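Down below is the structure, laid out as structure tokens.
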Amino acid sequence: MALIEQKRLILKDSKVNWIAYDTNFVDPLDDCITIYRKPSGSYFTDDGYTTFNLDCFVPNWREDGTVDKICKRYGCKMHGKNEELQAPYDSQLIQAILAIYAWIEFKGIKL
């Protein structure tokens, strides 16, 4: 099964600024999970969308430690002021995002 459904180019000043990869997986808001990469980038990112969903559904997630364990398991890290998830490979990032969203759902949070 391919993880990526569609690849889109995001332009800025007529140049490719980001490459967006849409998946068939859904987030807690029933949107498709999209990950991003700079054309010459060495990592994939969620651009902070996972943190946004965590803040909406599990406001105390930073104190819990579960997200840190998930990041460690899948080789990701939270980075920057937006706390975006980053990983060297698309599959690592998608697995981590799916694990976090499953954790939100299994915690019994009403989505």
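As shown in the structure tokens, the chain order sets the letters A, B, ...; within each chain, residues go from 1, and ligands are also counted from 1 in the order they appear.
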Considering only C-alpha atoms, return as a PDB file with C-alpha atoms, in the first residue's frame whatever protein or nucleic-acid residues lie within 9 Å of stretch 99-108 of chain A, sequence-local ones (same chain, fewer than 4 positions apart) excluded.
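File written: around_8.pdb
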ATOM      1  CA  ASP A  27      -6.729  13.254  11.254  1.00  0.00           C
ATOM      2  CA  PRO A  28      -9.108  13.916  14.167  1.00  0.00           C
ATOM      3  CA  THR A  50      -0.289  17.303  14.964  1.00  0.00           C
ATOM      4  CA  ASN A  53      -4.770  18.654  17.138  1.00  0.00           C
ATOM      5  CA  LEU A  54      -3.113  17.625  20.403  1.00  0.00           C
ATOM      6  CA  PHE A  57      -8.076  17.322  22.198  1.00  0.00           C
ATOM      7  CA  VAL A  58      -5.450  16.659  24.905  1.00  0.00           C
ATOM      8  CA  THR A  66       3.297   9.701  25.530  1.00  0.00           C
ATOM      9  CA  VAL A  67       4.150  11.863  22.514  1.00  0.00           C
ATOM     10  CA  ILE A  70       6.014   7.813  20.245  1.00  0.00           C
ATOM     11  CA  ILE A  94       3.280   9.068   9.063  1.00  0.00           C
ATOM     12  CA  GLN A  95       3.628   6.209  11.574  1.00  0.00           C
TER      13      GLN A  95
END
Write out as a VMD selection string which residues come within 9 Å of A:Ile4 when counting only C-alpha atoms, dropping same-chain ones fewer than 3 positions away. chain A and resid 1 7 21 to 24 34 90
Using only C-alpha atoms, pick whichever of A:Trp18, A:Phe52, A:Tyr89, A:Tyr74 has the shortest atom-to-atom distance to A:Lys38.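 Closest to A:Lys38 of all the choices is A:Trp18.
The space separating atom CA of A:Ile97 from atom CA of A:Gly41 comes to 19.6 Å.
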